[in-house]
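What's in run.txt: compact mmCIF, C-alpha atoms
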# COMPACT_ATOMS: atom_id res chain seq x y z
CA MET A 1 0.00 0.00 0.00
CA SER A 2 2.81 2.36 0.87
CA SER A 3 4.38 2.07 -2.54
CA SER A 4 1.07 2.82 -4.25
CA PHE A 5 1.12 6.36 -2.88
CA ASN A 6 4.59 6.84 -4.29
CA PHE A 7 3.41 5.63 -7.67
CA LEU A 8 0.35 7.88 -7.53
CA ALA A 9 2.61 10.81 -6.64
CA TYR A 10 4.77 10.13 -9.70
CA MET A 11 1.69 9.77 -11.86
CA ILE A 12 0.50 13.21 -10.72
CA TYR A 13 3.95 14.79 -10.91
CA LEU A 14 4.89 13.76 -14.44
CA PRO A 15 1.86 15.08 -16.39
CA VAL A 16 1.81 18.33 -14.41
CA VAL A 17 5.48 18.98 -14.95
CA ILE A 18 5.50 18.08 -18.64
CA SER A 19 2.38 20.06 -19.48
CA VAL A 20 3.52 23.15 -17.59
CA THR A 21 6.93 23.06 -19.28
CA TRP A 22 5.18 22.75 -22.62
CA LEU A 23 2.83 25.67 -21.90
CA VAL A 24 5.65 27.91 -20.70
CA ALA A 25 7.81 27.03 -23.70
CA ILE A 26 4.96 27.74 -26.12
CA THR A 27 4.27 31.13 -24.54
CA LEU A 28 7.91 32.10 -24.29
CA PHE A 29 8.97 31.09 -27.77
CA LYS A 30 5.90 32.42 -29.52
CA ASN A 31 6.77 35.84 -28.13
CA SER A 32 10.53 35.55 -28.46
CA LYS A 33 10.17 35.57 -32.24
CA VAL A 34 9.76 39.36 -31.98
CA PHE A 35 13.07 39.65 -30.13
CA MET A 36 14.83 37.39 -32.59
CA LEU A 37 13.61 39.39 -35.56
CA ASP A 38 14.88 42.51 -33.79
CA ILE A 39 18.25 40.94 -33.02
CA PHE A 40 18.85 39.67 -36.55
CA HIS A 41 17.50 42.80 -38.23
CA GLY A 42 14.40 41.13 -39.66
CA ASN A 43 16.24 38.14 -41.13
CA ASN A 44 13.46 35.60 -40.84
CA GLU A 45 15.54 32.46 -41.54
CA LEU A 46 18.19 33.13 -38.91
CA ALA A 47 15.60 34.29 -36.39
CA THR A 48 13.51 31.12 -36.78
CA ALA A 49 16.58 28.88 -36.55
CA THR A 50 17.84 30.58 -33.38
CA ASN A 51 14.39 30.49 -31.87
CA LYS A 52 14.09 26.76 -32.54
CA LEU A 53 17.53 26.10 -31.05
CA PHE A 54 16.68 28.04 -27.90
CA GLU A 55 13.36 26.20 -27.66
CA THR A 56 15.07 22.81 -27.93
CA GLY A 57 17.56 23.76 -25.25
CA PHE A 58 14.78 25.00 -22.99
CA TYR A 59 12.84 21.75 -23.33
CA LEU A 60 15.91 19.58 -22.78
CA LEU A 61 17.10 21.44 -19.71
CA ASN A 62 13.75 21.74 -18.01
CA VAL A 63 12.24 18.35 -18.77
CA GLY A 64 15.59 16.77 -17.96
CA PHE A 65 15.79 18.55 -14.64
CA ALA A 66 12.19 17.65 -13.80
CA PHE A 67 12.83 13.98 -14.53
CA TRP A 68 16.09 14.02 -12.67
CA ILE A 69 14.64 15.32 -9.38
CA MET A 70 11.52 13.16 -9.50
CA LYS A 71 12.69 10.40 -7.17
CA ILE A 72 11.02 10.50 -3.73
CA ALA A 73 13.35 8.67 -1.38
CA GLU A 74 10.97 8.08 1.53
CA THR A 75 7.87 5.88 1.24
CA ILE A 76 4.69 7.91 1.39
CA SER A 77 2.14 6.38 3.74
CA ASN A 78 -0.82 8.78 3.65
CA PRO A 79 -2.40 11.30 1.27
CA ARG A 80 -1.45 14.23 3.43
CA SER A 81 2.28 13.59 3.21
CA MET A 82 1.84 12.91 -0.51
CA MET A 83 0.33 16.38 -0.92
CA GLU A 84 3.17 17.92 1.06
CA VAL A 85 5.94 16.16 -0.81
CA LEU A 86 4.32 16.78 -4.19
CA SER A 87 3.71 20.45 -3.54
CA GLY A 88 7.35 20.82 -2.53
CA ARG A 89 8.51 19.17 -5.74
CA ILE A 90 6.12 20.88 -8.11
CA GLY A 91 6.49 24.30 -6.50
CA GLY A 92 10.26 24.01 -6.54
CA PHE A 93 10.19 23.03 -10.17
CA PHE A 94 7.93 25.99 -11.02
CA ILE A 95 10.38 28.34 -9.34
CA TRP A 96 13.21 26.81 -11.40
CA LEU A 97 11.08 27.22 -14.52
CA GLY A 98 10.52 30.88 -13.68
CA ILE A 99 14.24 31.43 -13.19
CA MET A 100 14.92 29.82 -16.57
CA LEU A 101 12.21 31.97 -18.16
CA PHE A 102 13.76 35.15 -16.86
CA LEU A 103 17.24 33.98 -17.83
CA ASN A 104 16.01 33.48 -21.39
CA LEU A 105 14.30 36.87 -21.31
CA TYR A 106 17.55 38.43 -20.08
CA LEU A 107 19.45 36.81 -22.96
CA PHE A 108 16.90 38.14 -25.46
CA PHE A 109 17.10 41.66 -24.07
CA ARG A 110 20.88 41.51 -24.01
CA GLY A 111 21.06 40.34 -27.63
CA ARG A 112 18.65 43.06 -28.65
CA ARG A 113 20.69 45.72 -26.86
CA ILE A 114 23.95 44.52 -28.39
CA SER A 115 22.57 44.30 -31.91
CA LYS A 116 21.07 47.78 -31.56
CA ALA A 117 24.37 49.17 -30.33
CA LYS A 118 26.17 47.52 -33.26
CA SER A 119 23.75 48.87 -35.84
CA LYS A 120 24.10 52.33 -34.31
CA VAL A 121 27.84 52.09 -34.86
CA ILE A 122 27.50 50.63 -38.32
CA ILE A 123 24.85 52.90 -39.80
CA PRO A 124 26.78 56.21 -39.62
CA VAL A 125 29.79 54.51 -41.19
CA ALA A 126 27.85 52.93 -44.04
CA MET B 1 16.61 -34.11 -48.17
CA GLN B 2 17.91 -33.33 -44.72
CA ARG B 3 20.09 -30.48 -45.92
CA THR B 4 17.28 -28.25 -47.16
CA PRO B 5 17.24 -24.75 -45.72
CA SER B 6 13.84 -25.19 -44.13
CA TYR B 7 15.07 -28.28 -42.28
CA LEU B 8 18.16 -26.47 -41.03
CA LEU B 9 16.02 -23.54 -39.96
CA THR B 10 13.72 -25.85 -38.01
CA ILE B 11 16.71 -27.42 -36.27
CA TYR B 12 18.04 -23.98 -35.48
CA PHE B 13 14.79 -22.77 -33.97
CA THR B 14 14.29 -25.90 -31.89
CA LYS B 15 17.82 -25.53 -30.52
CA LEU B 16 17.18 -21.87 -29.82
CA SER B 17 13.92 -22.52 -28.01
CA GLU B 18 15.56 -25.34 -26.04
CA TYR B 19 18.30 -22.98 -25.01
CA PHE B 20 15.89 -20.31 -23.90
CA GLU B 21 13.71 -22.77 -22.02
CA ASN B 22 16.75 -24.10 -20.21
CA THR B 23 18.02 -20.70 -19.20
CA ILE B 24 14.59 -19.52 -18.09
CA SER B 25 13.85 -22.69 -16.12
CA LEU B 26 17.29 -22.45 -14.50
CA ASN B 27 16.67 -18.84 -13.60
CA ASN B 28 13.20 -19.47 -12.24
CA PHE B 29 14.64 -20.95 -9.10
CA ASP B 30 16.60 -17.98 -7.82
CA ALA B 31 15.06 -14.75 -6.69
CA GLU B 32 17.11 -12.62 -9.05
CA SER B 33 15.26 -13.74 -12.17
CA LYS B 34 12.38 -11.34 -11.74
CA CYS B 35 14.79 -8.48 -11.11
CA THR B 36 16.84 -9.15 -14.22
CA ASP B 37 13.62 -9.36 -16.20
CA MET B 38 12.48 -5.98 -14.95
CA ASN B 39 15.88 -4.49 -15.63
CA THR B 40 15.67 -5.73 -19.21
CA ILE B 41 12.24 -4.15 -19.70
CA ALA B 42 13.55 -0.93 -18.20
CA TYR B 43 16.52 -0.94 -20.59
CA ALA B 44 14.24 -1.47 -23.56
CA ILE B 45 11.95 1.41 -22.59
CA TYR B 46 14.89 3.66 -21.71
CA LEU B 47 16.71 2.98 -24.96
CA ALA B 48 13.54 3.55 -26.98
CA ILE B 49 12.88 6.92 -25.31
CA THR B 50 16.44 8.21 -25.39
CA TYR B 51 17.13 7.10 -28.95
CA LEU B 52 13.90 8.65 -30.19
CA ILE B 53 14.58 11.94 -28.42
CA THR B 54 18.26 12.04 -29.39
CA VAL B 55 17.49 11.42 -33.05
CA LYS B 56 14.68 14.00 -33.08
CA VAL B 57 16.81 16.62 -31.35
CA GLY B 58 19.74 15.88 -33.64
CA TRP B 59 17.52 16.37 -36.67
CA ARG B 60 16.36 19.68 -35.24
CA PHE B 61 19.94 20.84 -34.69
CA TYR B 62 20.90 19.67 -38.17
CA ARG B 63 18.19 21.72 -39.88
CA ASN B 64 18.49 24.84 -37.75
CA GLY B 65 22.26 24.87 -37.34
CA ARG B 66 22.86 25.00 -41.09
CA VAL B 67 22.16 28.73 -41.22
CA PHE B 68 24.85 29.41 -38.62
CA ILE B 69 27.49 27.35 -40.37
CA LEU B 70 26.61 29.11 -43.61
CA GLY B 71 26.99 32.44 -41.86
CA LEU B 72 30.39 31.46 -40.49
CA LEU B 73 31.63 30.20 -43.87
CA GLU B 74 30.47 33.17 -45.94
CA GLN B 75 27.85 31.31 -47.96
CA ASN B 76 30.00 28.34 -49.04
CA HIS B 77 27.08 25.88 -49.40
CA THR B 78 29.00 22.68 -50.18
CA LEU B 79 31.43 23.05 -47.30
CA ALA B 80 28.62 24.02 -44.92
CA ASP B 81 26.61 20.93 -45.83
CA ALA B 82 29.66 18.70 -45.45
CA ILE B 83 30.49 20.10 -42.02
CA ASN B 84 26.85 19.85 -41.00
CA ASN B 85 26.67 16.17 -41.97
CA ILE B 86 29.87 15.33 -40.12
CA LEU B 87 28.67 17.22 -37.04
CA LEU B 88 25.38 15.29 -37.12
CA VAL B 89 27.19 11.95 -37.24
CA GLY B 90 29.47 13.02 -34.39
CA TYR B 91 26.51 14.16 -32.35
CA TYR B 92 24.73 10.83 -32.85
CA LEU B 93 27.83 8.84 -31.94
CA VAL B 94 28.52 10.78 -28.77
CA ASN B 95 24.98 10.91 -27.49
CA LEU B 96 23.77 7.45 -28.41
CA GLY B 97 27.02 6.07 -27.03
CA TYR B 98 26.59 8.02 -23.82
CA ALA B 99 22.98 6.86 -23.47
CA THR B 100 24.04 3.27 -24.02
CA VAL B 101 27.01 3.41 -21.66
CA MET B 102 24.79 4.73 -18.87
CA ILE B 103 23.01 1.36 -18.81
CA SER B 104 26.05 -0.23 -17.17
CA THR B 105 25.56 1.93 -14.07
CA TRP B 106 21.97 0.82 -13.48
CA ASP B 107 20.78 -0.45 -10.10
CA THR B 108 18.75 -3.63 -9.79
CA ILE B 109 15.02 -3.00 -10.04
CA HIS B 110 12.59 -4.75 -7.71
CA SER B 111 9.21 -3.16 -8.44
CA TRP B 112 7.30 -1.18 -11.07
CA THR B 113 7.61 2.01 -9.05
CA GLU B 114 11.36 1.62 -8.89
CA MET B 115 11.41 0.98 -12.63
CA LEU B 116 9.49 4.20 -13.30
CA VAL B 117 11.81 6.14 -11.01
CA SER B 118 15.03 4.81 -12.49
CA ILE B 119 13.89 5.21 -16.11
CA THR B 120 12.79 8.78 -15.44
CA ALA B 121 15.96 9.68 -13.56
CA MET B 122 18.22 8.22 -16.24
CA THR B 123 16.24 9.83 -19.08
CA GLY B 124 16.36 13.10 -17.20
CA GLN B 125 20.10 12.82 -16.84
CA ILE B 126 20.44 12.24 -20.59
CA PHE B 127 18.19 15.20 -21.37
CA LEU B 128 20.09 17.42 -18.96
CA SER B 129 23.46 16.54 -20.42
CA LEU B 130 22.09 17.04 -23.94
CA GLY B 131 20.79 20.44 -22.91
CA ILE B 132 24.04 21.49 -21.27
CA LEU B 133 26.02 20.34 -24.31
CA HIS B 134 23.63 22.27 -26.52
CA CYS B 135 24.03 25.48 -24.52
CA PHE B 136 27.78 25.04 -24.60
CA ASN B 137 27.67 24.61 -28.39
CA MET B 138 25.59 27.74 -28.82
CA LEU B 139 28.07 29.62 -26.66
CA VAL B 140 30.93 28.37 -28.85
CA ILE B 141 29.12 29.43 -32.02
CA TYR B 142 28.47 32.83 -30.46
CA ILE B 143 32.12 33.28 -29.47
CA ILE B 144 33.41 32.19 -32.88
CA SER B 145 31.01 34.49 -34.66
CA LYS B 146 32.01 37.36 -32.41
CA ARG B 147 35.67 36.71 -33.17
CA ASN B 148 35.10 36.48 -36.92
CA HIS B 149 32.53 39.29 -37.07
CA SER B 150 30.90 37.20 -39.75
CA ILE B 151 27.44 36.33 -38.44
CA GLN B 152 25.84 38.95 -40.55
CA PRO B 153 22.25 39.00 -41.64
CA LEU B 154 22.11 36.67 -44.62
CA LYS B 155 20.67 38.48 -47.58
CA SER B 156 20.85 35.68 -50.13
Written as structure tokens, that's how I'd like the structure from this file.
Amino acid sequence: MSSSFNFLAYMIYLPVVISVTWLVAITLFKNSKVFMLDIFHGNNELATATNKLFETGFYLLNVGFAFWIMKIAETISNPRSMMEVLSGRIGGFFIWLGIMLFLNLYLFFRGRRISKAKSKVIIPVA
Amino acid sequence: MQRTPSYLLTIYFTKLSEYFENTISLNNFDAESKCTDMNTIAYAIYLAITYLITVKVGWRFYRNGRVFILGLLEQNHTLADAINNILLVGYYLVNLGYATVMISTWDTIHSWTEMLVSITAMTGQIFLSLGILHCFNMLVIYIISKRNHSIQPLKS
């Protein structure tokens, strides 16, 4: 009986984690296209490629991390402790996801700033 | 008459089934047999997942990385394609090899829950290392392009 709660916890954890990662990635990389087009001066091909690469990296890192930390060492004996353990896991993973989101956003802003600074230097020369 | 291929094949299969029956009946007596069975199932599932993901991700990198190599090589299409192909093969070798080597470090599995946990943890480890490698590669491309000043917008 004790192991069944562990299994149930995993069965709740996995779909939640995967679907939330998916939703966040969709939202982030639908909107990052604007940044990419800005960074690469409207070059659609390069912007799409970079966007796809960032998306792949985001999925790999986050799903990988979620899978990696899934193991619950102690046996869960009642629903209450299952709720507690699960909320710790899922909440911690959401915080990690948020940090990754803002890291990506920071990279986009940084790229945009640098490419703007470069074009400001280049345009008077050209 | 006895040397026909179908006869030889029948002999072969009977020998094979005898062999398997012997090994299975020998193993049935010790407690480890169930564990080894579960480990084998886990390996099959793990290999299926990791190979699928690795191949898909490699294909994605192959298609989207081409633009960057082209940018670095100043539009030399033949050389870019050649480098891209070689990189893809190297990527497959490294990652599939890594995924396969990880099997040797697997603990013995006693229950379905343990199997789920170990498959997920191992797959997660593979994904994480793939992701870290990927970020590292993007950093390298970025540094090279900064040094060469040649990632320009491609107006081809």
(message) One decimal, in Å: what's the spacing between CA of Ala121 (chain B) and CA of Phe67 (chain A)?
(response) 5.4 Å
Using only C-alpha atoms, which residues of chain B come within 10 Å of chain A, and what is the closest atom pair for each, with the distance in Å to one decimal? Give it as CSV, sorted by chain and residue number.
residue,atom,partner,partner_atom,distance
B:Ile53,CA,A:Leu60,CA,9.6
B:Val57,CA,A:Thr56,CA,7.3
B:Arg60,CA,A:Leu53,CA,7.8
B:Phe61,CA,A:Leu53,CA,6.8
B:Arg63,CA,A:Ala49,CA,8.1
B:Asn64,CA,A:Ala49,CA,4.6
B:Gly65,CA,A:Ala49,CA,7.0
B:Arg66,CA,A:Ala49,CA,8.7
B:Val67,CA,A:Leu46,CA,6.4
B:Phe68,CA,A:Leu46,CA,7.6
B:Gly71,CA,A:Leu46,CA,9.3
B:Ser111,CA,A:Ser3,CA,9.2
B:Trp112,CA,A:Phe7,CA,8.5
B:Thr113,CA,A:Phe7,CA,5.7
B:Glu114,CA,A:Phe7,CA,9.0
B:Leu116,CA,A:Tyr10,CA,8.4
B:Val117,CA,A:Lys71,CA,5.8
B:Ser118,CA,A:Lys71,CA,8.1
B:Ile119,CA,A:Phe67,CA,9.0
B:Thr120,CA,A:Phe67,CA,5.3
B:Ala121,CA,A:Trp68,CA,4.4
B:Met122,CA,A:Trp68,CA,7.1
B:Thr123,CA,A:Phe67,CA,7.0
B:Gly124,CA,A:Gly64,CA,3.8
B:Gln125,CA,A:Trp68,CA,5.9
B:Ile126,CA,A:Gly64,CA,7.1
B:Phe127,CA,A:Gly64,CA,4.6
B:Leu128,CA,A:Gly64,CA,4.7
B:Ser129,CA,A:Leu61,CA,8.1
B:Leu130,CA,A:Leu60,CA,6.8
B:Gly131,CA,A:Leu60,CA,5.0
B:Ile132,CA,A:Leu61,CA,7.1
B:Leu133,CA,A:Gly57,CA,9.2
B:His134,CA,A:Gly57,CA,6.4
B:Cys135,CA,A:Gly57,CA,6.7
B:Met138,CA,A:Leu53,CA,8.5
B:Ile151,CA,A:Phe40,CA,9.4
B:Gln152,CA,A:Phe40,CA,8.1
B:Pro153,CA,A:Asn43,CA,6.1
B:Leu154,CA,A:Asn43,CA,7.0
B:Lys155,CA,A:Asn43,CA,7.8
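Around region 90-92 of chain A, within 10 Å and counting only C-alpha atoms, the residues found are A:Ile12, A:Tyr13, A:Leu14, A:Val16, A:Val17, A:Ala66, A:Met70, A:Val85, A:Leu97, A:Gly98, once anything fewer than 5 positions away on its own chain is removed.
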(request) Mind checking which residues fall within 10 Å of Ile26 (chain A), counting all atoms listed in the file, ignoring those fewer than 6 positions away in the same chain, and posting them as a PyMOL selection string? (result) chain A and resi 20+32+55
